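What follows is the content of final.tsv (TSV, N, CA and C atoms).
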```tsv
chain	number	residue	atom	x	y	z
A	1	GLN	N	-13.48	-46.22	5.16
A	1	GLN	CA	-12.69	-45.14	4.58
A	1	GLN	C	-13.52	-43.87	4.53
A	2	VAL	N	-12.86	-42.75	4.76
A	2	VAL	CA	-13.53	-41.45	4.77
A	2	VAL	C	-12.92	-40.57	3.69
A	3	GLN	N	-13.77	-39.94	2.90
A	3	GLN	CA	-13.30	-39.00	1.89
A	3	GLN	C	-13.87	-37.62	2.22
A	4	LEU	N	-13.03	-36.61	2.07
A	4	LEU	CA	-13.43	-35.23	2.30
A	4	LEU	C	-13.37	-34.47	0.99
A	5	VAL	N	-14.44	-33.78	0.67
A	5	VAL	CA	-14.50	-33.01	-0.57
A	5	VAL	C	-14.82	-31.57	-0.24
A	6	GLU	N	-13.89	-30.68	-0.61
A	6	GLU	CA	-14.06	-29.26	-0.33
A	6	GLU	C	-14.61	-28.54	-1.54
A	7	SER	N	-15.25	-27.42	-1.27
A	7	SER	CA	-15.73	-26.56	-2.34
A	7	SER	C	-15.84	-25.14	-1.81
A	8	GLY	N	-15.95	-24.18	-2.73
A	8	GLY	CA	-16.19	-22.80	-2.32
A	8	GLY	C	-15.01	-21.86	-2.46
A	9	GLY	N	-13.86	-22.36	-2.83
A	9	GLY	CA	-12.72	-21.47	-3.00
A	9	GLY	C	-12.86	-20.64	-4.27
A	10	GLY	N	-11.93	-19.70	-4.45
A	10	GLY	CA	-11.95	-18.88	-5.64
A	10	GLY	C	-11.19	-17.59	-5.45
A	11	LEU	N	-11.43	-16.68	-6.38
A	11	LEU	CA	-10.78	-15.37	-6.37
A	11	LEU	C	-11.76	-14.34	-5.81
A	12	VAL	N	-11.30	-13.54	-4.87
A	12	VAL	CA	-12.16	-12.54	-4.26
A	12	VAL	C	-11.33	-11.28	-4.01
A	13	GLN	N	-11.97	-10.15	-4.05
A	13	GLN	CA	-11.28	-8.89	-3.78
A	13	GLN	C	-11.09	-8.69	-2.29
A	14	PRO	N	-10.09	-7.91	-1.90
A	14	PRO	CA	-9.91	-7.60	-0.48
A	14	PRO	C	-11.18	-7.00	0.10
A	15	GLY	N	-11.52	-7.46	1.30
A	15	GLY	CA	-12.75	-7.03	1.94
A	15	GLY	C	-13.95	-7.90	1.62
A	16	GLY	N	-13.79	-8.79	0.67
A	16	GLY	CA	-14.89	-9.67	0.27
A	16	GLY	C	-15.05	-10.87	1.18
A	17	SER	N	-15.99	-11.74	0.80
A	17	SER	CA	-16.31	-12.91	1.60
A	17	SER	C	-16.35	-14.16	0.74
A	18	LEU	N	-16.07	-15.28	1.38
A	18	LEU	CA	-16.21	-16.60	0.76
A	18	LEU	C	-16.69	-17.57	1.82
A	19	ARG	N	-17.38	-18.61	1.36
A	19	ARG	CA	-17.79	-19.67	2.27
A	19	ARG	C	-17.28	-20.99	1.73
A	20	LEU	N	-16.44	-21.63	2.51
A	20	LEU	CA	-15.92	-22.94	2.15
A	20	LEU	C	-16.80	-24.03	2.77
A	21	SER	N	-16.94	-25.12	2.03
A	21	SER	CA	-17.68	-26.27	2.54
A	21	SER	C	-16.82	-27.52	2.41
A	22	CYS	N	-17.02	-28.44	3.31
A	22	CYS	CA	-16.32	-29.71	3.27
A	22	CYS	C	-17.29	-30.81	3.67
A	23	ALA	N	-17.57	-31.68	2.72
A	23	ALA	CA	-18.49	-32.77	2.97
A	23	ALA	C	-17.72	-34.07	3.10
A	24	ALA	N	-18.04	-34.82	4.13
A	24	ALA	CA	-17.38	-36.10	4.36
A	24	ALA	C	-18.29	-37.24	3.92
A	25	SER	N	-17.71	-38.18	3.22
A	25	SER	CA	-18.46	-39.37	2.82
A	25	SER	C	-17.76	-40.60	3.36
A	26	GLY	N	-18.50	-41.68	3.46
A	26	GLY	CA	-17.94	-42.89	4.02
A	26	GLY	C	-18.69	-43.25	5.29
A	27	THR	N	-18.13	-44.16	6.02
A	27	THR	CA	-18.79	-44.64	7.22
A	27	THR	C	-18.46	-43.72	8.38
A	28	ILE	N	-19.35	-42.79	8.62
A	28	ILE	CA	-19.11	-41.80	9.67
A	28	ILE	C	-20.30	-41.78	10.60
A	29	PHE	N	-20.05	-41.99	11.86
A	29	PHE	CA	-21.11	-41.81	12.85
A	29	PHE	C	-20.97	-40.45	13.51
A	30	SER	N	-19.76	-40.10	13.84
A	30	SER	CA	-19.50	-38.76	14.35
A	30	SER	C	-18.01	-38.50	14.27
A	31	ALA	N	-17.69	-37.25	13.99
A	31	ALA	CA	-16.28	-36.86	13.91
A	31	ALA	C	-15.84	-36.34	15.28
A	32	ASN	N	-14.65	-36.72	15.68
A	32	ASN	CA	-14.11	-36.24	16.94
A	32	ASN	C	-13.68	-34.77	16.84
A	33	ALA	N	-13.28	-34.37	15.64
A	33	ALA	CA	-12.86	-33.00	15.41
A	33	ALA	C	-13.11	-32.66	13.95
A	34	MET	N	-13.45	-31.41	13.68
A	34	MET	CA	-13.67	-30.94	12.33
A	34	MET	C	-13.07	-29.54	12.25
A	35	GLY	N	-12.34	-29.28	11.18
A	35	GLY	CA	-11.73	-27.97	11.11
A	35	GLY	C	-11.11	-27.65	9.78
A	36	TRP	N	-10.40	-26.54	9.77
A	36	TRP	CA	-9.76	-26.03	8.56
A	36	TRP	C	-8.33	-25.61	8.87
A	37	TYR	N	-7.44	-25.95	7.95
A	37	TYR	CA	-6.07	-25.47	7.94
A	37	TYR	C	-5.85	-24.77	6.61
A	38	ARG	N	-4.76	-24.02	6.54
A	38	ARG	CA	-4.41	-23.40	5.28
A	38	ARG	C	-2.89	-23.38	5.11
A	39	GLN	N	-2.47	-23.31	3.86
A	39	GLN	CA	-1.05	-23.25	3.55
A	39	GLN	C	-0.82	-22.12	2.57
A	40	PRO	N	-0.31	-20.99	3.06
A	40	PRO	CA	0.01	-19.88	2.16
A	40	PRO	C	1.19	-20.25	1.27
A	41	PRO	N	1.35	-19.57	0.16
A	41	PRO	CA	2.47	-19.86	-0.74
A	41	PRO	C	3.81	-19.76	-0.03
A	42	GLY	N	4.62	-20.80	-0.14
A	42	GLY	CA	5.95	-20.79	0.44
A	42	GLY	C	6.01	-20.95	1.95
A	43	LYS	N	4.85	-21.23	2.58
A	43	LYS	CA	4.82	-21.35	4.03
A	43	LYS	C	4.27	-22.71	4.44
A	44	GLU	N	4.38	-23.00	5.74
A	44	GLU	CA	3.88	-24.26	6.26
A	44	GLU	C	2.37	-24.19	6.49
A	45	ARG	N	1.78	-25.36	6.57
A	45	ARG	CA	0.35	-25.44	6.85
A	45	ARG	C	0.09	-24.96	8.27
A	46	GLU	N	-1.00	-24.21	8.43
A	46	GLU	CA	-1.32	-23.63	9.74
A	46	GLU	C	-2.80	-23.79	10.05
A	47	LEU	N	-3.12	-23.84	11.32
A	47	LEU	CA	-4.50	-23.96	11.75
A	47	LEU	C	-5.26	-22.67	11.49
A	48	VAL	N	-6.48	-22.82	10.99
A	48	VAL	CA	-7.39	-21.69	10.83
A	48	VAL	C	-8.44	-21.73	11.93
A	49	ALA	N	-9.16	-22.82	12.01
A	49	ALA	CA	-10.21	-22.98	13.01
A	49	ALA	C	-10.52	-24.46	13.16
A	50	ILE	N	-10.91	-24.85	14.37
A	50	ILE	CA	-11.24	-26.24	14.61
A	50	ILE	C	-12.29	-26.34	15.71
A	51	THR	N	-13.18	-27.30	15.57
A	51	THR	CA	-14.17	-27.55	16.60
A	51	THR	C	-14.04	-29.00	17.06
A	52	THR	N	-13.99	-29.16	18.36
A	52	THR	CA	-13.86	-30.49	18.95
A	52	THR	C	-14.46	-30.48	20.34
A	53	GLY	N	-15.22	-31.53	20.63
A	53	GLY	CA	-15.83	-31.61	21.96
A	53	GLY	C	-16.72	-30.45	22.30
A	54	GLY	N	-17.34	-29.85	21.29
A	54	GLY	CA	-18.22	-28.73	21.55
A	54	GLY	C	-17.52	-27.39	21.70
A	55	ARG	N	-16.20	-27.40	21.60
A	55	ARG	CA	-15.45	-26.16	21.73
A	55	ARG	C	-14.88	-25.77	20.38
A	56	ILE	N	-14.70	-24.48	20.19
A	56	ILE	CA	-14.16	-23.94	18.94
A	56	ILE	C	-12.91	-23.14	19.24
A	57	HIS	N	-11.91	-23.35	18.41
A	57	HIS	CA	-10.67	-22.58	18.54
A	57	HIS	C	-10.35	-21.95	17.20
A	58	TYR	N	-10.03	-20.67	17.23
A	58	TYR	CA	-9.62	-19.93	16.04
A	58	TYR	C	-8.17	-19.47	16.20
A	59	ALA	N	-7.46	-19.44	15.09
A	59	ALA	CA	-6.17	-18.79	15.10
A	59	ALA	C	-6.39	-17.29	15.34
A	60	ASP	N	-5.45	-16.65	15.98
A	60	ASP	CA	-5.62	-15.24	16.37
A	60	ASP	C	-5.93	-14.34	15.18
A	61	SER	N	-5.30	-14.60	14.04
A	61	SER	CA	-5.47	-13.71	12.89
A	61	SER	C	-6.86	-13.82	12.28
A	62	GLU	N	-7.61	-14.88	12.63
A	62	GLU	CA	-8.93	-15.09	12.05
A	62	GLU	C	-10.07	-14.72	12.98
A	63	LYS	N	-9.76	-14.48	14.24
A	63	LYS	CA	-10.82	-14.19	15.19
A	63	LYS	C	-11.60	-12.95	14.77
A	64	GLY	N	-12.92	-13.09	14.76
A	64	GLY	CA	-13.79	-11.99	14.38
A	64	GLY	C	-14.05	-11.88	12.90
A	65	ARG	N	-13.26	-12.56	12.08
A	65	ARG	CA	-13.48	-12.50	10.64
A	65	ARG	C	-13.99	-13.82	10.08
A	66	PHE	N	-13.54	-14.92	10.66
A	66	PHE	CA	-13.93	-16.24	10.16
A	66	PHE	C	-14.85	-16.92	11.18
A	67	THR	N	-15.76	-17.73	10.65
A	67	THR	CA	-16.67	-18.49	11.51
A	67	THR	C	-16.75	-19.92	11.02
A	68	ILE	N	-16.48	-20.86	11.89
A	68	ILE	CA	-16.60	-22.27	11.56
A	68	ILE	C	-17.94	-22.78	12.08
A	69	SER	N	-18.58	-23.62	11.28
A	69	SER	CA	-19.84	-24.22	11.70
A	69	SER	C	-19.92	-25.62	11.13
A	70	THR	N	-20.80	-26.41	11.70
A	70	THR	CA	-20.93	-27.79	11.25
A	70	THR	C	-22.39	-28.17	11.10
A	71	ASP	N	-22.63	-29.11	10.23
A	71	ASP	CA	-23.92	-29.74	10.10
A	71	ASP	C	-23.66	-31.23	10.29
A	72	ASN	N	-23.83	-31.70	11.50
A	72	ASN	CA	-23.46	-33.07	11.81
A	72	ASN	C	-24.33	-34.09	11.06
A	73	ALA	N	-25.56	-33.71	10.78
A	73	ALA	CA	-26.44	-34.61	10.04
A	73	ALA	C	-25.93	-34.85	8.62
A	74	LYS	N	-25.23	-33.85	8.09
A	74	LYS	CA	-24.69	-33.95	6.73
A	74	LYS	C	-23.19	-34.22	6.73
A	75	ASN	N	-22.61	-34.39	7.91
A	75	ASN	CA	-21.15	-34.59	8.02
A	75	ASN	C	-20.40	-33.51	7.24
A	76	THR	N	-20.82	-32.29	7.43
A	76	THR	CA	-20.26	-31.18	6.68
A	76	THR	C	-19.76	-30.10	7.64
A	77	VAL	N	-18.62	-29.52	7.29
A	77	VAL	CA	-18.09	-28.40	8.05
A	77	VAL	C	-17.93	-27.23	7.10
A	78	TYR	N	-18.23	-26.05	7.60
A	78	TYR	CA	-18.18	-24.83	6.80
A	78	TYR	C	-17.19	-23.85	7.41
A	79	LEU	N	-16.70	-22.97	6.54
A	79	LEU	CA	-15.87	-21.86	7.02
A	79	LEU	C	-16.34	-20.59	6.30
A	80	GLN	N	-16.98	-19.73	7.04
A	80	GLN	CA	-17.40	-18.44	6.50
A	80	GLN	C	-16.27	-17.46	6.73
A	81	MET	N	-15.79	-16.88	5.65
A	81	MET	CA	-14.65	-15.96	5.73
A	81	MET	C	-15.10	-14.59	5.27
A	82	ASN	N	-15.00	-13.61	6.16
A	82	ASN	CA	-15.38	-12.23	5.85
A	82	ASN	C	-14.16	-11.32	5.96
A	83	SER	N	-14.29	-10.13	5.40
A	83	SER	CA	-13.22	-9.13	5.47
A	83	SER	C	-11.87	-9.73	5.06
A	84	LEU	N	-11.89	-10.42	3.94
A	84	LEU	CA	-10.69	-11.13	3.51
A	84	LEU	C	-9.57	-10.17	3.15
A	85	LYS	N	-8.35	-10.61	3.45
A	85	LYS	CA	-7.16	-9.82	3.20
A	85	LYS	C	-6.25	-10.59	2.24
A	86	ALA	N	-5.31	-9.86	1.65
A	86	ALA	CA	-4.38	-10.52	0.73
A	86	ALA	C	-3.61	-11.63	1.42
A	87	GLU	N	-3.32	-11.45	2.70
A	87	GLU	CA	-2.57	-12.47	3.44
A	87	GLU	C	-3.39	-13.72	3.74
A	88	ASP	N	-4.67	-13.69	3.43
A	88	ASP	CA	-5.49	-14.90	3.57
A	88	ASP	C	-5.34	-15.82	2.35
A	89	THR	N	-4.64	-15.35	1.33
A	89	THR	CA	-4.42	-16.18	0.15
A	89	THR	C	-3.68	-17.44	0.53
A	90	ALA	N	-4.26	-18.59	0.18
A	90	ALA	CA	-3.68	-19.87	0.57
A	90	ALA	C	-4.51	-21.00	-0.01
A	91	SER	N	-3.96	-22.20	0.08
A	91	SER	CA	-4.76	-23.40	-0.14
A	91	SER	C	-5.38	-23.77	1.20
A	92	TYR	N	-6.67	-23.97	1.21
A	92	TYR	CA	-7.39	-24.29	2.44
A	92	TYR	C	-7.77	-25.77	2.45
A	93	TYR	N	-7.46	-26.42	3.57
A	93	TYR	CA	-7.66	-27.86	3.70
A	93	TYR	C	-8.64	-28.16	4.82
A	94	CYS	N	-9.59	-28.99	4.50
A	94	CYS	CA	-10.51	-29.52	5.49
A	94	CYS	C	-9.83	-30.63	6.28
A	95	TYR	N	-10.15	-30.73	7.55
A	95	TYR	CA	-9.51	-31.72	8.42
A	95	TYR	C	-10.58	-32.31	9.33
A	96	MET	N	-10.56	-33.62	9.44
A	96	MET	CA	-11.47	-34.30	10.36
A	96	MET	C	-10.76	-35.45	11.05
A	97	VAL	N	-11.16	-35.70	12.26
A	97	VAL	CA	-10.71	-36.88	12.98
A	97	VAL	C	-11.93	-37.76	13.19
A	98	VAL	N	-11.88	-38.94	12.64
A	98	VAL	CA	-12.99	-39.88	12.72
A	98	VAL	C	-12.49	-41.18	13.34
A	99	ARG	N	-13.07	-41.54	14.44
A	99	ARG	CA	-12.67	-42.76	15.18
A	99	ARG	C	-11.16	-42.76	15.42
A	100	GLY	N	-10.65	-41.59	15.75
A	100	GLY	CA	-9.25	-41.47	16.12
A	100	GLY	C	-8.29	-41.30	14.96
A	101	ALA	N	-8.77	-41.39	13.74
A	101	ALA	CA	-7.90	-41.29	12.57
A	101	ALA	C	-8.07	-39.94	11.88
A	102	PRO	N	-6.97	-39.28	11.49
A	102	PRO	CA	-7.05	-37.98	10.81
A	102	PRO	C	-7.27	-38.14	9.31
A	103	TYR	N	-8.08	-37.25	8.77
A	103	TYR	CA	-8.34	-37.23	7.33
A	103	TYR	C	-8.21	-35.80	6.83
A	104	TRP	N	-7.73	-35.66	5.60
A	104	TRP	CA	-7.54	-34.36	4.97
A	104	TRP	C	-8.28	-34.32	3.63
A	105	GLY	N	-8.80	-33.13	3.33
A	105	GLY	CA	-9.33	-32.91	2.00
A	105	GLY	C	-8.20	-32.62	1.03
A	106	GLN	N	-8.57	-32.45	-0.24
A	106	GLN	CA	-7.57	-32.24	-1.27
A	106	GLN	C	-7.12	-30.79	-1.35
A	107	GLY	N	-7.86	-29.91	-0.70
A	107	GLY	CA	-7.50	-28.50	-0.71
A	107	GLY	C	-8.29	-27.71	-1.72
A	108	THR	N	-8.60	-26.48	-1.36
A	108	THR	CA	-9.27	-25.56	-2.28
A	108	THR	C	-8.54	-24.22	-2.19
A	109	GLN	N	-8.31	-23.62	-3.35
A	109	GLN	CA	-7.51	-22.40	-3.39
A	109	GLN	C	-8.37	-21.18	-3.14
A	110	VAL	N	-7.89	-20.32	-2.27
A	110	VAL	CA	-8.50	-19.02	-2.02
A	110	VAL	C	-7.45	-17.95	-2.37
A	111	THR	N	-7.82	-17.07	-3.28
A	111	THR	CA	-6.93	-15.99	-3.68
A	111	THR	C	-7.63	-14.66	-3.44
A	112	VAL	N	-6.99	-13.82	-2.65
A	112	VAL	CA	-7.55	-12.51	-2.34
A	112	VAL	C	-6.69	-11.46	-3.04
A	113	SER	N	-7.27	-10.84	-4.04
A	113	SER	CA	-6.50	-9.90	-4.85
A	113	SER	C	-7.43	-8.95	-5.57
A	114	SER	N	-6.96	-7.74	-5.77
A	114	SER	CA	-7.74	-6.77	-6.53
A	114	SER	C	-7.33	-6.80	-8.00
```

Is it possible to give me this structure as structure tokens?
Amino acid sequence: QVQLVESGGGLVQPGGSLRLSCAASGTIFSANAMGWYRQPPGKERELVAITTGGRIHYADSEKGRFTISTDNAKNTVYLQMNSLKAEDTASYYCYMVVRGAPYWGQGTQVTVSS
């Protein structure tokens, strides 16, 4: 069984930065994919960024502002978010695929407001 625990969300002013972390525990040798999704209020969950097979994909609205990185030794994935906008307000979910099975974190709230 794999558990994902996110941290780093909170309230930030427009233009500010946050760094989200997601640590995976359990029997993990390597994740096939690691990434982040988000769900804005009243909207469906959407991809933010994902890394798989050595490649990284960002949603268009995040390119140049967000950076995904991983520490495979710690089974941790990070999301550095800069130049945050009000429309980035959402619950952010960590996502991993381990041995072909998808896992989700519980979500961490990011609120961008002055």

Could you list, as a CSV table (one decimal) with N, CA and C atoms, keeping the file's coordinate frame, every residue within 6 Å of Trp36 in chain A, counting only N, CA and C atoms and ignoring same-chain residues fewer than 5 positions away?
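This is the output file part_16.csv:
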```csv
chain,number,residue,atom,x,y,z
A,46,GLU,N,-1.0,-24.2,8.4
A,46,GLU,CA,-1.3,-23.6,9.7
A,46,GLU,C,-2.8,-23.8,10.0
A,47,LEU,N,-3.1,-23.8,11.3
A,47,LEU,CA,-4.5,-24.0,11.8
A,47,LEU,C,-5.3,-22.7,11.5
A,48,VAL,N,-6.5,-22.8,11.0
A,48,VAL,CA,-7.4,-21.7,10.8
A,48,VAL,C,-8.4,-21.7,11.9
A,49,ALA,N,-9.2,-22.8,12.0
A,49,ALA,CA,-10.2,-23.0,13.0
A,49,ALA,C,-10.5,-24.5,13.2
A,50,ILE,N,-10.9,-24.8,14.4
A,50,ILE,CA,-11.2,-26.2,14.6
A,50,ILE,C,-12.3,-26.3,15.7
A,93,TYR,N,-7.5,-26.4,3.6
A,93,TYR,CA,-7.7,-27.9,3.7
A,93,TYR,C,-8.6,-28.2,4.8
A,94,CYS,N,-9.6,-29.0,4.5
A,94,CYS,CA,-10.5,-29.5,5.5
A,94,CYS,C,-9.8,-30.6,6.3
A,95,TYR,N,-10.2,-30.7,7.6
A,95,TYR,CA,-9.5,-31.7,8.4
A,95,TYR,C,-10.6,-32.3,9.3
```

CA of Ala101 in chain A to CA of Met34 in chain A, distance in Å rounded to a single decimal | 11.9 Å

Residue contacts of Asn82 in chain A (8 Å, all atoms listed in the file) excluding same-chain residues fewer than 2 positions away, as a PyMOL selection string = chain A and resi 14-19+64-67+79-80+84-85

Using backbone DSSP assignments, extract all strand (DSSP E or B) residues from chain A; output them as a ChimeraX atom specification.
-> /A:2-7,10-12,18-26,31-39,46-52,55-58,66-71,76-81,90-98,101-104,108-112

What is the distance between CA of Thr111 in chain A and atom N of Ser7 in chain A, in Å to one decimal?
-> 14.3 Å

Rounded to one decimal in Å, what is the spacing between CA of Ala86 in chain A and CA of Glu6 in chain A?
->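 CA of Ala86 in chain A sits 21.1 Å away from CA of Glu6 in chain A.
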
Between A:Lys43, A:Gln1, A:Gly35, A:Gln13, single out the one closest to Ser83 in chain A, counting all atoms listed in the file.
->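 Ranked by minimum distance to Ser83 in chain A, first place goes to A:Gln13.
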
Quick one: residues within 6 Å of Gly9 in chain A, only C-alpha atoms counted, chain neighbours fewer than 2 positions away excluded, as a PyMOL selection string?
-> chain A and resi 7+108-110

Would you fill out range 30-40 of chain A with all heavy atoms and return it as a PDB file, in the coordinates of the input?
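Contents of selection31.pdb, freshly written:
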```pdb
ATOM      1  N   SER A  30     -19.760 -40.100  13.840  1.00  0.00           N
ATOM      2  CA  SER A  30     -19.500 -38.760  14.350  1.00  0.00           C
ATOM      3  C   SER A  30     -18.010 -38.500  14.270  1.00  0.00           C
ATOM      4  O   SER A  30     -17.194 -39.415  14.420  1.00  0.00           O
ATOM      5  CB  SER A  30     -19.986 -38.620  15.796  1.00  0.00           C
ATOM      6  OG  SER A  30     -19.256 -39.483  16.649  1.00  0.00           O
ATOM      7  N   ALA A  31     -17.690 -37.250  13.990  1.00  0.00           N
ATOM      8  CA  ALA A  31     -16.280 -36.860  13.910  1.00  0.00           C
ATOM      9  C   ALA A  31     -15.840 -36.340  15.280  1.00  0.00           C
ATOM     10  O   ALA A  31     -16.573 -35.619  15.945  1.00  0.00           O
ATOM     11  CB  ALA A  31     -16.087 -35.800  12.846  1.00  0.00           C
ATOM     12  N   ASN A  32     -14.650 -36.720  15.680  1.00  0.00           N
ATOM     13  CA  ASN A  32     -14.110 -36.240  16.940  1.00  0.00           C
ATOM     14  C   ASN A  32     -13.680 -34.770  16.840  1.00  0.00           C
ATOM     15  O   ASN A  32     -13.694 -34.043  17.824  1.00  0.00           O
ATOM     16  CB  ASN A  32     -12.913 -37.089  17.370  1.00  0.00           C
ATOM     17  CG  ASN A  32     -13.268 -38.558  17.449  1.00  0.00           C
ATOM     18  OD1 ASN A  32     -12.804 -39.374  16.652  1.00  0.00           O
ATOM     19  ND2 ASN A  32     -14.117 -38.912  18.396  1.00  0.00           N
ATOM     20  N   ALA A  33     -13.280 -34.370  15.640  1.00  0.00           N
ATOM     21  CA  ALA A  33     -12.860 -33.000  15.410  1.00  0.00           C
ATOM     22  C   ALA A  33     -13.110 -32.660  13.950  1.00  0.00           C
ATOM     23  O   ALA A  33     -13.005 -33.534  13.072  1.00  0.00           O
ATOM     24  CB  ALA A  33     -11.391 -32.801  15.749  1.00  0.00           C
ATOM     25  N   MET A  34     -13.450 -31.410  13.680  1.00  0.00           N
ATOM     26  CA  MET A  34     -13.670 -30.940  12.330  1.00  0.00           C
ATOM     27  C   MET A  34     -13.070 -29.540  12.250  1.00  0.00           C
ATOM     28  O   MET A  34     -13.308 -28.726  13.148  1.00  0.00           O
ATOM     29  CB  MET A  34     -15.148 -30.892  11.985  1.00  0.00           C
ATOM     30  CG  MET A  34     -15.865 -32.228  12.179  1.00  0.00           C
ATOM     31  SD  MET A  34     -17.660 -32.104  12.003  1.00  0.00           S
ATOM     32  CE  MET A  34     -17.816 -32.062  10.232  1.00  0.00           C
ATOM     33  N   GLY A  35     -12.340 -29.280  11.180  1.00  0.00           N
ATOM     34  CA  GLY A  35     -11.730 -27.970  11.110  1.00  0.00           C
ATOM     35  C   GLY A  35     -11.110 -27.650   9.780  1.00  0.00           C
ATOM     36  O   GLY A  35     -11.292 -28.389   8.805  1.00  0.00           O
ATOM     37  N   TRP A  36     -10.400 -26.540   9.770  1.00  0.00           N
ATOM     38  CA  TRP A  36      -9.760 -26.030   8.560  1.00  0.00           C
ATOM     39  C   TRP A  36      -8.330 -25.610   8.870  1.00  0.00           C
ATOM     40  O   TRP A  36      -8.067 -24.973   9.906  1.00  0.00           O
ATOM     41  CB  TRP A  36     -10.528 -24.829   8.013  1.00  0.00           C
ATOM     42  CG  TRP A  36     -11.892 -25.166   7.518  1.00  0.00           C
ATOM     43  CD1 TRP A  36     -13.048 -25.164   8.236  1.00  0.00           C
ATOM     44  CD2 TRP A  36     -12.232 -25.571   6.197  1.00  0.00           C
ATOM     45  NE1 TRP A  36     -14.097 -25.543   7.434  1.00  0.00           N
ATOM     46  CE2 TRP A  36     -13.621 -25.797   6.178  1.00  0.00           C
ATOM     47  CE3 TRP A  36     -11.504 -25.752   5.023  1.00  0.00           C
ATOM     48  CZ2 TRP A  36     -14.292 -26.206   5.026  1.00  0.00           C
ATOM     49  CZ3 TRP A  36     -12.165 -26.158   3.875  1.00  0.00           C
ATOM     50  CH2 TRP A  36     -13.546 -26.384   3.888  1.00  0.00           C
ATOM     51  N   TYR A  37      -7.440 -25.950   7.950  1.00  0.00           N
ATOM     52  CA  TYR A  37      -6.070 -25.470   7.940  1.00  0.00           C
ATOM     53  C   TYR A  37      -5.850 -24.770   6.610  1.00  0.00           C
ATOM     54  O   TYR A  37      -6.638 -24.912   5.680  1.00  0.00           O
ATOM     55  CB  TYR A  37      -5.088 -26.647   8.063  1.00  0.00           C
ATOM     56  CG  TYR A  37      -4.979 -27.228   9.457  1.00  0.00           C
ATOM     57  CD1 TYR A  37      -6.009 -27.981  10.003  1.00  0.00           C
ATOM     58  CD2 TYR A  37      -3.842 -27.032  10.224  1.00  0.00           C
ATOM     59  CE1 TYR A  37      -5.911 -28.520  11.276  1.00  0.00           C
ATOM     60  CE2 TYR A  37      -3.722 -27.565  11.500  1.00  0.00           C
ATOM     61  CZ  TYR A  37      -4.766 -28.304  12.015  1.00  0.00           C
ATOM     62  OH  TYR A  37      -4.656 -28.835  13.282  1.00  0.00           O
ATOM     63  N   ARG A  38      -4.760 -24.020   6.540  1.00  0.00           N
ATOM     64  CA  ARG A  38      -4.410 -23.400   5.280  1.00  0.00           C
ATOM     65  C   ARG A  38      -2.890 -23.380   5.110  1.00  0.00           C
ATOM     66  O   ARG A  38      -2.156 -23.446   6.094  1.00  0.00           O
ATOM     67  CB  ARG A  38      -4.956 -21.973   5.188  1.00  0.00           C
ATOM     68  CG  ARG A  38      -4.287 -20.967   6.121  1.00  0.00           C
ATOM     69  CD  ARG A  38      -4.973 -19.618   6.029  1.00  0.00           C
ATOM     70  NE  ARG A  38      -4.320 -18.630   6.873  1.00  0.00           N
ATOM     71  CZ  ARG A  38      -4.809 -17.407   7.078  1.00  0.00           C
ATOM     72  NH1 ARG A  38      -5.939 -17.027   6.487  1.00  0.00           N
ATOM     73  NH2 ARG A  38      -4.146 -16.568   7.853  1.00  0.00           N
ATOM     74  N   GLN A  39      -2.470 -23.310   3.860  1.00  0.00           N
ATOM     75  CA  GLN A  39      -1.050 -23.250   3.550  1.00  0.00           C
ATOM     76  C   GLN A  39      -0.820 -22.120   2.570  1.00  0.00           C
ATOM     77  O   GLN A  39      -1.101 -22.257   1.366  1.00  0.00           O
ATOM     78  CB  GLN A  39      -0.563 -24.573   2.969  1.00  0.00           C
ATOM     79  CG  GLN A  39       0.938 -24.627   2.791  1.00  0.00           C
ATOM     80  CD  GLN A  39       1.443 -26.031   2.585  1.00  0.00           C
ATOM     81  OE1 GLN A  39       0.682 -26.964   2.316  1.00  0.00           O
ATOM     82  NE2 GLN A  39       2.744 -26.221   2.720  1.00  0.00           N
ATOM     83  N   PRO A  40      -0.310 -20.990   3.060  1.00  0.00           N
ATOM     84  CA  PRO A  40       0.010 -19.880   2.160  1.00  0.00           C
ATOM     85  C   PRO A  40       1.190 -20.250   1.270  1.00  0.00           C
ATOM     86  O   PRO A  40       1.971 -21.152   1.603  1.00  0.00           O
ATOM     87  CB  PRO A  40       0.373 -18.748   3.120  1.00  0.00           C
ATOM     88  CG  PRO A  40      -0.187 -19.139   4.441  1.00  0.00           C
ATOM     89  CD  PRO A  40      -0.114 -20.633   4.472  1.00  0.00           C
TER      90      PRO A  40
END
```
